>>> print(open('target_24.txt').read())   # compact mmCIF, C-alpha atoms and all ligand atoms
# COMPACT_ATOMS: atom_id res chain seq x y z
CA MET A 28 86.95 365.16 14.92
CA GLY A 29 90.35 366.69 15.51
CA LEU A 30 90.87 370.10 16.98
CA VAL A 31 92.27 373.03 15.08
CA LEU A 32 94.16 374.65 17.86
CA VAL A 33 95.29 377.96 16.47
CA GLY A 34 92.70 380.54 15.56
CA TRP A 35 88.97 380.00 15.58
CA LEU A 36 87.53 376.67 14.57
CA ALA A 37 84.05 376.54 13.11
CA SER A 38 81.79 373.70 14.13
CA GLY A 39 78.20 372.75 13.64
CA CYS A 40 77.82 374.46 10.28
CA ALA A 41 78.31 373.40 6.69
CA SER A 42 81.06 375.86 5.88
CA PRO A 43 83.48 377.90 7.98
CA THR A 44 82.39 381.44 8.71
CA PRO A 45 84.71 384.42 8.08
CA GLU A 46 85.59 384.26 11.76
CA ALA A 47 87.38 380.95 11.21
CA ALA A 48 90.28 382.90 9.76
CA LEU A 49 90.69 385.17 12.77
CA LYS A 50 94.06 385.04 14.46
CA LEU A 51 94.85 384.70 18.13
CA GLY A 52 94.05 387.80 20.12
CA GLU A 53 91.95 389.50 17.46
CA ALA A 54 89.02 391.51 18.76
CA CYS A 55 85.84 389.54 19.18
CA SER A 56 83.28 391.96 17.82
CA SER A 57 80.72 390.80 15.27
CA ARG A 58 81.95 390.79 11.69
CA VAL A 59 78.71 389.47 10.23
CA PRO A 60 76.67 392.05 8.27
CA GLU A 61 73.69 393.21 10.28
CA ALA A 62 71.27 393.27 7.35
CA VAL A 63 71.62 391.30 4.15
CA GLY A 64 70.61 393.16 1.02
CA ALA A 65 70.04 396.44 2.79
CA THR A 66 71.40 398.40 -0.18
CA LEU A 67 68.52 397.38 -2.48
CA SER A 68 66.37 400.36 -3.32
CA SER A 69 62.66 400.03 -3.97
CA ALA A 70 62.90 403.15 -6.19
CA THR A 71 65.36 401.53 -8.61
CA LEU A 72 64.10 397.97 -8.30
CA PRO A 73 60.36 398.30 -7.71
CA SER A 74 59.58 394.74 -8.68
CA VAL A 75 62.09 393.14 -6.31
CA ALA A 76 60.82 392.60 -2.80
CA GLU A 77 63.33 393.63 -0.14
CA PRO A 78 64.78 390.49 1.47
CA PRO A 79 63.78 390.00 5.10
CA GLN A 80 66.13 391.54 7.61
CA VAL A 81 68.30 388.84 9.19
CA ASP A 82 69.03 389.67 12.80
CA ARG A 83 72.61 388.47 13.39
CA SER A 84 75.08 388.80 16.21
CA SER A 85 77.95 386.89 17.75
CA ILE A 86 78.66 386.30 21.42
CA THR A 87 82.08 385.29 22.76
CA ILE A 88 82.26 383.33 26.01
CA SER A 89 85.54 382.56 27.83
CA ALA A 90 85.87 379.71 30.32
CA LEU A 91 88.48 379.11 33.03
CA GLY A 92 89.05 376.09 35.23
CA ASP A 93 89.55 375.84 38.97
CA CYS A 94 90.22 379.18 40.67
CA ALA A 95 91.20 379.07 44.35
CA ILE A 96 91.73 382.68 45.38
CA GLY A 97 92.91 381.86 48.87
CA ASP A 98 95.00 379.32 50.74
CA LEU A 99 94.62 375.91 52.28
CA HIS A 100 93.62 376.35 55.92
CA TYR A 101 97.03 375.57 57.40
CA GLY A 102 98.99 377.16 54.56
CA ALA A 103 98.07 380.84 54.70
CA GLY A 104 101.09 383.02 55.25
CA ALA A 105 103.67 380.23 54.90
CA PRO A 106 106.53 380.91 52.48
CA GLY A 107 105.30 380.40 48.91
CA SER A 108 101.63 380.60 49.90
CA PHE A 109 99.03 382.72 48.11
CA ALA A 110 98.91 385.15 51.08
CA ALA A 111 102.70 385.43 51.15
CA GLN A 112 102.82 386.13 47.42
CA LEU A 113 100.15 388.84 47.72
CA ALA A 114 102.09 390.46 50.56
CA ALA A 115 105.10 390.77 48.24
CA VAL A 116 103.40 392.61 45.36
CA ASP A 117 102.34 396.25 44.95
CA ASP A 118 98.72 395.73 43.93
CA PRO A 119 97.55 392.41 45.42
CA LEU A 120 93.93 392.58 44.25
CA SER A 121 94.82 393.00 40.57
CA TYR A 122 97.92 390.77 40.71
CA PRO A 123 96.58 387.21 40.05
CA PHE A 124 94.75 387.99 36.79
CA SER A 125 96.99 390.85 35.67
CA ALA A 126 98.48 388.99 32.67
CA VAL A 127 95.10 387.82 31.34
CA ALA A 128 92.71 390.63 32.33
CA GLU A 129 92.90 392.31 28.94
CA THR A 130 91.94 389.09 27.13
CA LEU A 131 89.15 388.29 29.58
CA GLY A 132 87.86 391.86 29.46
CA ALA A 133 87.48 391.76 25.66
CA ASP A 134 84.85 389.00 25.50
CA ASP A 135 81.12 389.09 26.30
CA LEU A 136 81.19 386.80 29.35
CA THR A 137 83.93 385.04 31.35
CA ILE A 138 82.98 382.00 33.45
CA ALA A 139 85.23 380.32 36.06
CA ASN A 140 84.88 377.68 38.74
CA LEU A 141 85.45 379.20 42.18
CA GLU A 142 87.05 376.43 44.22
CA GLY A 143 86.88 377.42 47.88
CA THR A 144 85.38 380.17 49.97
CA LEU A 145 85.70 383.90 50.63
CA THR A 146 85.08 384.29 54.33
CA HIS A 147 86.54 385.12 57.72
CA HIS A 148 84.53 382.27 59.24
CA LYS A 149 86.74 380.02 61.35
CA ALA A 150 84.89 376.73 61.64
CA TRP A 151 85.94 374.45 58.81
CA GLN A 152 84.63 371.12 57.59
CA ASN A 153 87.86 369.46 56.49
CA PRO A 154 90.87 371.17 58.06
CA VAL A 155 93.49 369.72 55.71
CA PHE A 156 91.93 370.65 52.38
CA SER A 157 89.74 373.63 53.28
CA ILE A 158 90.28 376.63 51.02
CA ARG A 159 89.62 380.17 52.19
CA GLY A 160 90.40 383.68 50.96
CA LYS A 161 89.42 387.08 52.34
CA PRO A 162 86.02 388.37 51.18
CA GLU A 163 87.71 391.32 49.46
CA TYR A 164 89.53 388.85 47.18
CA ALA A 165 86.27 388.68 45.19
CA GLN A 166 87.50 391.93 43.62
CA MET A 167 90.35 389.94 42.02
CA LEU A 168 87.75 388.27 39.83
CA ARG A 169 86.11 391.55 38.90
CA LEU A 170 89.47 393.23 38.17
CA GLY A 171 90.51 390.18 36.14
CA GLY A 172 87.46 390.27 33.90
CA VAL A 173 85.70 387.25 35.42
CA ASP A 174 81.95 387.92 35.35
CA LEU A 175 80.45 384.71 36.63
CA VAL A 176 81.54 381.76 38.82
CA ASN A 177 80.26 378.27 39.45
CA LEU A 178 79.76 377.45 43.14
CA ASP A 179 78.64 373.84 42.83
CA ASN A 180 81.85 372.04 43.78
CA ASN A 181 83.39 369.99 46.59
CA HIS A 182 84.89 373.06 48.33
CA SER A 183 81.88 375.38 48.48
CA HIS A 184 81.11 374.36 52.07
CA ASP A 185 84.66 374.06 53.42
CA TYR A 186 83.67 376.66 56.04
CA GLY A 187 80.10 375.51 56.48
CA VAL A 188 76.89 377.24 55.50
CA GLN A 189 78.19 380.52 56.92
CA GLY A 190 81.30 380.36 54.74
CA HIS A 191 79.15 379.71 51.67
CA GLU A 192 76.81 382.59 52.48
CA ASP A 193 79.81 384.89 53.08
CA THR A 194 81.22 383.85 49.71
CA LYS A 195 78.01 384.72 47.88
CA GLN A 196 77.83 388.06 49.69
CA ALA A 197 81.46 388.87 48.81
CA LEU A 198 80.86 388.05 45.15
CA THR A 199 77.74 390.21 45.01
CA ALA A 200 79.60 393.10 46.64
CA ALA A 201 82.28 392.80 43.94
CA GLU A 202 79.63 392.56 41.19
CA VAL A 203 80.60 389.01 40.25
CA ALA A 204 77.60 386.78 39.57
CA TYR A 205 77.39 383.11 40.57
CA PHE A 206 75.45 379.97 39.72
CA GLY A 207 75.18 376.32 40.78
CA ARG A 208 73.65 374.59 43.82
CA GLY A 209 70.20 375.46 42.48
CA THR A 210 71.06 379.03 41.51
CA VAL A 211 70.57 379.70 37.81
CA ASP A 212 72.27 382.65 36.10
CA ARG A 213 70.02 384.13 33.43
CA ARG A 214 71.19 387.17 31.49
CA GLN A 215 70.77 388.91 28.17
CA ILE A 216 73.86 389.47 26.03
CA LYS A 217 73.30 391.56 22.88
CA GLY A 218 69.62 390.77 23.20
CA VAL A 219 70.21 387.01 23.40
CA GLU A 220 69.07 385.00 26.43
CA VAL A 221 72.03 383.15 27.98
CA VAL A 222 71.63 380.73 30.89
CA ASN A 223 74.31 379.09 33.05
CA LEU A 224 73.66 375.97 35.11
CA GLY A 225 76.18 374.27 37.43
CA TYR A 226 76.31 370.81 39.00
CA LEU A 227 78.51 368.58 41.07
CA GLY A 228 78.93 365.65 38.68
CA GLY A 229 79.01 362.70 41.06
CA PRO A 230 75.70 362.27 42.88
CA ALA A 231 73.16 359.80 41.51
CA GLY A 232 70.20 361.57 40.00
CA THR A 233 72.28 364.43 38.61
CA ARG A 234 71.64 363.36 35.02
CA LYS A 235 67.86 363.41 35.39
CA ARG A 236 68.00 366.84 37.02
CA VAL A 237 70.34 368.23 34.35
CA VAL A 238 68.17 367.02 31.48
CA ALA A 239 65.03 368.48 33.05
CA ASP A 240 66.73 371.80 33.88
CA VAL A 241 68.26 372.23 30.42
CA ALA A 242 64.98 371.37 28.68
CA ARG A 243 63.13 373.90 30.86
CA GLU A 244 65.66 376.71 30.26
CA ARG A 245 65.75 376.01 26.53
CA GLU A 246 62.10 377.05 26.32
CA THR A 247 63.17 380.67 26.75
CA ALA A 248 66.96 380.79 26.32
CA THR A 249 68.99 380.56 23.12
CA ILE A 250 72.28 379.59 24.79
CA VAL A 251 72.30 377.22 27.77
CA ILE A 252 75.76 376.48 29.16
CA VAL A 253 76.21 373.64 31.65
CA SER A 254 79.20 373.46 34.00
CA PHE A 255 80.09 370.19 35.70
CA HIS A 256 82.48 369.70 38.60
CA TRP A 257 83.31 366.09 37.82
CA GLY A 258 85.92 363.48 36.98
CA VAL A 259 88.86 362.20 38.98
CA GLU A 260 91.56 364.48 40.40
CA GLY A 261 94.86 364.17 38.55
CA PHE A 262 93.43 361.98 35.77
CA TYR A 263 93.94 363.07 32.15
CA ALA A 264 91.53 360.46 30.79
CA THR A 265 87.83 361.19 31.00
CA HIS A 266 85.61 358.87 33.03
CA PRO A 267 82.67 357.17 31.25
CA ASP A 268 80.29 358.98 33.65
CA GLN A 269 81.61 362.34 32.41
CA ARG A 270 81.00 361.38 28.80
CA ALA A 271 77.48 360.12 29.52
CA LEU A 272 76.55 363.22 31.52
CA GLY A 273 78.10 365.70 29.07
CA ARG A 274 76.38 364.12 26.09
CA ALA A 275 73.06 363.98 27.94
CA ALA A 276 73.30 367.74 28.56
CA ILE A 277 73.93 368.37 24.84
CA ASP A 278 71.11 366.03 23.85
CA ALA A 279 68.79 368.00 26.15
CA GLY A 280 69.72 371.22 24.35
CA ALA A 281 72.87 372.59 26.00
CA ALA A 282 75.02 374.72 23.69
CA LEU A 283 78.27 374.08 25.56
CA VAL A 284 79.47 371.87 28.41
CA LEU A 285 82.34 373.03 30.65
CA GLY A 286 84.14 370.74 33.09
CA HIS A 287 86.52 371.07 36.03
CA HIS A 288 87.84 369.34 39.17
CA PRO A 289 90.62 367.01 37.84
CA HIS A 290 93.10 369.97 38.20
CA VAL A 291 94.69 368.94 34.88
CA LEU A 292 93.54 369.37 31.30
CA GLN A 293 91.35 366.71 29.73
CA GLY A 294 90.26 366.51 26.10
CA ILE A 295 87.57 368.40 24.20
CA GLU A 296 84.88 366.45 22.37
CA THR A 297 82.70 367.67 19.53
CA TYR A 298 79.30 366.04 19.93
CA GLN A 299 76.26 366.90 17.81
CA GLY A 300 78.06 370.02 16.62
CA ARG A 301 78.55 371.24 20.21
CA HIS A 302 81.59 371.07 22.47
CA ILE A 303 82.26 369.28 25.74
CA VAL A 304 85.37 370.67 27.43
CA TYR A 305 86.01 367.84 29.88
CA SER A 306 88.49 369.59 32.16
CA LEU A 307 89.83 373.11 31.96
CA GLY A 308 92.60 372.41 34.49
CA ASN A 309 93.57 374.93 37.12
CA PHE A 310 93.74 378.69 36.62
CA VAL A 311 94.58 381.04 39.50
CA PHE A 312 95.14 378.29 42.03
CA GLY A 313 96.20 379.50 45.47
CA ALA A 314 95.72 376.13 47.16
CA ASN A 315 98.81 374.52 45.63
CA SER A 316 102.17 376.29 45.46
CA GLN A 317 103.92 373.34 43.79
CA PRO A 318 101.53 371.78 41.26
CA GLN A 319 103.15 369.09 39.11
CA ASP A 320 101.30 370.25 36.00
CA MET A 321 100.92 373.97 35.31
CA ASP A 322 99.40 373.67 31.82
CA SER A 323 96.02 375.26 31.28
CA ILE A 324 93.92 377.12 28.73
CA ILE A 325 91.49 379.94 28.34
CA TYR A 326 88.73 378.26 26.37
CA GLN A 327 86.74 380.61 24.16
CA GLU A 328 83.65 379.83 22.18
CA ARG A 329 81.90 382.23 19.87
CA PHE A 330 78.21 381.70 19.20
CA HIS A 331 76.94 383.05 15.90
CA ILE A 332 73.28 383.90 16.35
CA ALA A 333 70.82 384.41 13.51
CA GLU A 334 67.14 385.12 14.09
CA GLY A 335 67.28 383.97 17.70
CA LYS A 336 69.00 380.65 16.99
CA ILE A 337 72.57 379.39 17.15
CA GLU A 338 73.66 379.29 13.52
CA SER A 339 77.16 377.98 14.24
CA VAL A 340 79.88 377.98 16.89
CA THR A 341 83.62 378.59 16.63
CA GLN A 342 86.20 377.74 19.25
CA HIS A 343 89.45 379.37 20.17
CA ILE A 344 91.96 377.84 22.57
CA ILE A 345 94.48 380.07 24.29
CA PRO A 346 97.32 378.10 25.95
CA VAL A 347 98.22 379.22 29.45
CA ARG A 348 100.70 378.36 32.19
CA ILE A 349 99.06 378.98 35.57
CA SER A 350 102.20 380.66 36.91
CA THR A 351 104.58 383.25 35.50
CA ASP A 352 107.39 381.48 37.39
CA LYS A 353 108.06 378.03 35.89
CA THR A 354 109.67 376.62 39.04
CA GLN A 355 106.87 377.24 41.53
CA ASN A 356 103.35 378.61 41.46
CA ASP A 357 103.27 382.40 41.77
CA PHE A 358 99.48 382.35 41.14
CA ARG A 359 99.66 384.63 38.08
CA PRO A 360 98.62 382.78 34.88
CA VAL A 361 100.30 383.85 31.66
CA ILE A 362 99.34 383.30 28.02
CA LEU A 363 101.94 381.15 26.31
CA GLU A 364 103.51 381.86 22.94
CA GLN A 365 105.35 379.95 20.24
CA ASP A 366 107.02 376.70 21.38
CA GLU A 367 105.55 376.77 24.89
CA ALA A 368 102.07 377.32 23.45
CA GLN A 369 102.52 374.50 20.98
CA VAL A 370 103.45 372.03 23.72
CA VAL A 371 100.14 372.66 25.49
CA LEU A 372 98.15 372.60 22.25
CA THR A 373 99.74 369.31 21.17
CA LYS A 374 99.00 367.79 24.57
CA LEU A 375 95.36 368.92 24.36
CA GLN A 376 95.10 367.55 20.84
CA LYS A 377 96.35 364.14 22.03
CA LEU A 378 93.94 364.14 24.97
CA SER A 379 91.07 365.06 22.63
CA ASP A 380 91.99 362.36 20.10
CA ALA A 381 92.00 359.77 22.89
ZN ZN A 401 87.13 370.12 43.01
>>> encode(input="target_24.txt", output="structure tokens", more="lines below")
Ligand SMILES: [Zn+2]
Amino acid sequence: MGLVLVGWLASGCASPTPEAALKLGEACSSRVPEAVGATLSSATLPSVAEPPQVDRSSITISALGDCAIGDLHYGAGAPGSFAAQLAAVDDPLSYPFSAVAETLGADDLTIANLEGTLTHHKAWQNPVFSIRGKPEYAQMLRLGGVDLVNLDNNHSHDYGVQGHEDTKQALTAAEVAYFGRGTVDRRQIKGVEVVNLGYLGGPAGTRKRVVADVARERETATIVIVSFHWGVEGFYATHPDQRALGRAAIDAGAALVLGHHPHVLQGIETYQGRHIVYSLGNFVFGANSQPQDMDSIIYQERFHIAEGKIESVTQHIIPVRISTDKTQNDFRPVILEQDEAQVVLTKLQKLSDA
């Protein structure tokens, strides 16, 4: 099916919910009545049984693509680098997410892929493409409204086991949760069990593991979200392996599949009433000061929950350029408006149709 790219799009239900008419930027609180028929009075209508209370809520999740909050090993401090940009601004820790923090702070959960490490460790695995930021940069995520990051990607061990352990410690100190590489994030949001699983998409055997993990988590959780670091860098077309893996996760019970690694946007598929966001592109991306493509999105999905089950989902796509400066990356994503927004939405529509 085609995407409706402005406002919320209902999916997986027979008729659009009232939320489908919400406009960009509107608050994401529940607009569904808490109790249907609560005004009936047993005194005035003694013969009418009170309808059962329907326990309803809605949960809004935002997703971001690749976030590298640091520099390539040999790039730190060079003109135009992430470190150089931070040195030039008043409040470096709040700077990268400052134009999107309000949006990301208004949802129930924001998930990103953390590409790289947060460590002072000096031994690196691949000197050319190793990504490292200072441990205190974890606060950028917290200040930006990012609650949870995937760590199962090809840069998590750029600075070895020590670098990975330092990264986890830095995130915990900044109160940012993480998942992937065997770590499962389980949390309650508005009384609903939400689980996040993360995988590197390539290795053989991933599919079997994903299906087993999703099926296990679905026994207790209402919403299971699966993140995959997959696909081919720089490719706008999805790979058949991505489609097979994403659909297998949905078939096993996943409510949403999020993808990253290609560093550019790929399409969004609706499959069995659920969504597979094949690639979210880059977001705050310190490891490349001159990316050829700066188009991105904040992907939002709202889950409408009734009596412990997902009744329907609605999606909301917010077009973004990953840099305020159009000529080179200044590592501060901005929400696009009007014509600029439409260009990104049209591109995403074409990718999704393909
Ligand atoms: Zn990657």
>>> residues_near_ligand(input="target_24.txt", ligand="ligand ZN 401 (chain A)", cutoff="12 Å", atoms="only C-alpha atoms and all ligand atoms", output="PyMOL selection string")
chain A and resi 92-95+140-143+156-158+177-185+226-229+255-261+286-291+306-309+312+314
>>> residues_near_point(input="target_24.txt", point="(73.0, 368.1, 25.4)", cutoff="12 Å", atoms="only C-alpha atoms", output="number ranges by chain")
A: 234, 237-242, 245, 250-254, 270-285, 297-303
>>> residues_around(input="target_24.txt", residues="Val311 in chain A", least_positions_apart="3", cutoff="8 Å", atoms="only C-alpha atoms", output="MDAnalysis selection string")
chainID A and resid 93:96 123:124 349 358:360
>>> closest_residue(input="target_24.txt", among="A:Asn153, A:Thr351, A:Gln293, A:Ser339", to="Gln376 in chain A", atoms="only C-alpha atoms")
A:Gln293
>>> closest_residue(input="target_24.txt", among="A:Asp322, A:Asp135, A:Asp118, A:Asp357", to="Gln215 in chain A", atoms="all atoms listed in the file")
A:Asp135
>>> atom_distance(input="target_24.txt", atom1="CA of Val176 in chain A", atom2="CA of Val304 in chain A")
16.4 Å
>>> decode(input="target_24.txt", residues="range 344-370 of chain A", atoms="N, CA and C atoms", output="CSV table (one decimal), in the first residue's frame")
chain,number,residue,atom,x,y,z
A,344,ILE,N,5.4,10.5,9.8
A,344,ILE,CA,6.7,10.6,9.3
A,344,ILE,C,7.1,12.1,9.3
A,345,ILE,N,8.2,12.4,10.0
A,345,ILE,CA,8.6,13.8,10.1
A,345,ILE,C,9.9,13.9,9.3
A,346,PRO,N,9.9,14.7,8.2
A,346,PRO,CA,11.1,14.8,7.3
A,346,PRO,C,12.2,15.7,8.0
A,347,VAL,N,13.4,15.3,7.9
A,347,VAL,CA,14.5,15.9,8.6
A,347,VAL,C,15.7,16.0,7.6
A,348,ARG,N,16.4,17.1,7.7
A,348,ARG,CA,17.8,17.2,7.1
A,348,ARG,C,18.8,17.0,8.3
A,349,ILE,N,19.8,16.2,8.1
A,349,ILE,CA,20.6,15.9,9.3
A,349,ILE,C,21.6,17.0,9.7
A,350,SER,N,21.5,18.1,9.0
A,350,SER,CA,22.4,19.3,9.2
A,350,SER,C,21.6,20.5,9.1
A,351,THR,N,21.8,21.5,9.9
A,351,THR,CA,21.1,22.8,9.7
A,351,THR,C,21.7,23.5,8.5
A,352,ASP,N,23.0,23.4,8.4
A,352,ASP,CA,23.8,23.9,7.2
A,352,ASP,C,23.6,23.0,6.0
A,353,LYS,N,23.2,23.5,4.9
A,353,LYS,CA,22.9,22.6,3.7
A,353,LYS,C,24.2,22.3,3.0
A,354,THR,N,25.3,23.0,3.2
A,354,THR,CA,26.5,22.8,2.4
A,354,THR,C,27.5,21.8,3.0
A,355,GLN,N,27.4,21.7,4.4
A,355,GLN,CA,28.3,20.7,5.0
A,355,GLN,C,27.6,20.3,6.3
A,356,ASN,N,27.9,19.1,6.8
A,356,ASN,CA,27.3,18.6,8.0
A,356,ASN,C,27.7,19.4,9.2
A,357,ASP,N,26.8,20.0,9.9
A,357,ASP,CA,27.1,20.7,11.2
A,357,ASP,C,26.5,19.8,12.3
A,358,PHE,N,26.0,18.6,12.0
A,358,PHE,CA,25.7,17.6,13.0
A,358,PHE,C,24.5,18.0,13.9
A,359,ARG,N,23.6,18.9,13.4
A,359,ARG,CA,22.5,19.3,14.1
A,359,ARG,C,21.2,19.2,13.2
A,360,PRO,N,20.6,18.0,13.3
A,360,PRO,CA,19.4,17.7,12.5
A,360,PRO,C,18.3,18.7,12.7
A,361,VAL,N,17.6,19.1,11.6
A,361,VAL,CA,16.5,20.0,11.7
A,361,VAL,C,15.2,19.4,11.0
A,362,ILE,N,14.1,19.7,11.5
A,362,ILE,CA,12.8,19.3,10.9
A,362,ILE,C,12.5,20.2,9.8
A,363,LEU,N,12.2,19.5,8.6
A,363,LEU,CA,12.0,20.3,7.4
A,363,LEU,C,10.5,20.7,7.3
A,364,GLU,N,10.3,21.8,6.6
A,364,GLU,CA,8.9,22.3,6.4
A,364,GLU,C,8.7,22.5,4.9
A,365,GLN,N,7.4,22.6,4.6
A,365,GLN,CA,6.9,23.0,3.2
A,365,GLN,C,7.7,22.2,2.1
A,366,ASP,N,8.2,23.0,1.1
A,366,ASP,CA,8.8,22.4,-0.1
A,366,ASP,C,9.9,21.4,0.3
A,367,GLU,N,10.8,21.8,1.2
A,367,GLU,CA,11.9,20.9,1.6
A,367,GLU,C,11.4,19.6,2.2
A,368,ALA,N,10.3,19.7,3.0
A,368,ALA,CA,9.7,18.5,3.6
A,368,ALA,C,9.1,17.6,2.5
A,369,GLN,N,8.5,18.2,1.6
A,369,GLN,CA,7.8,17.5,0.5
A,369,GLN,C,8.8,16.7,-0.4
A,370,VAL,N,10.0,17.3,-0.6
A,370,VAL,CA,11.0,16.6,-1.4
A,370,VAL,C,11.4,15.2,-0.7
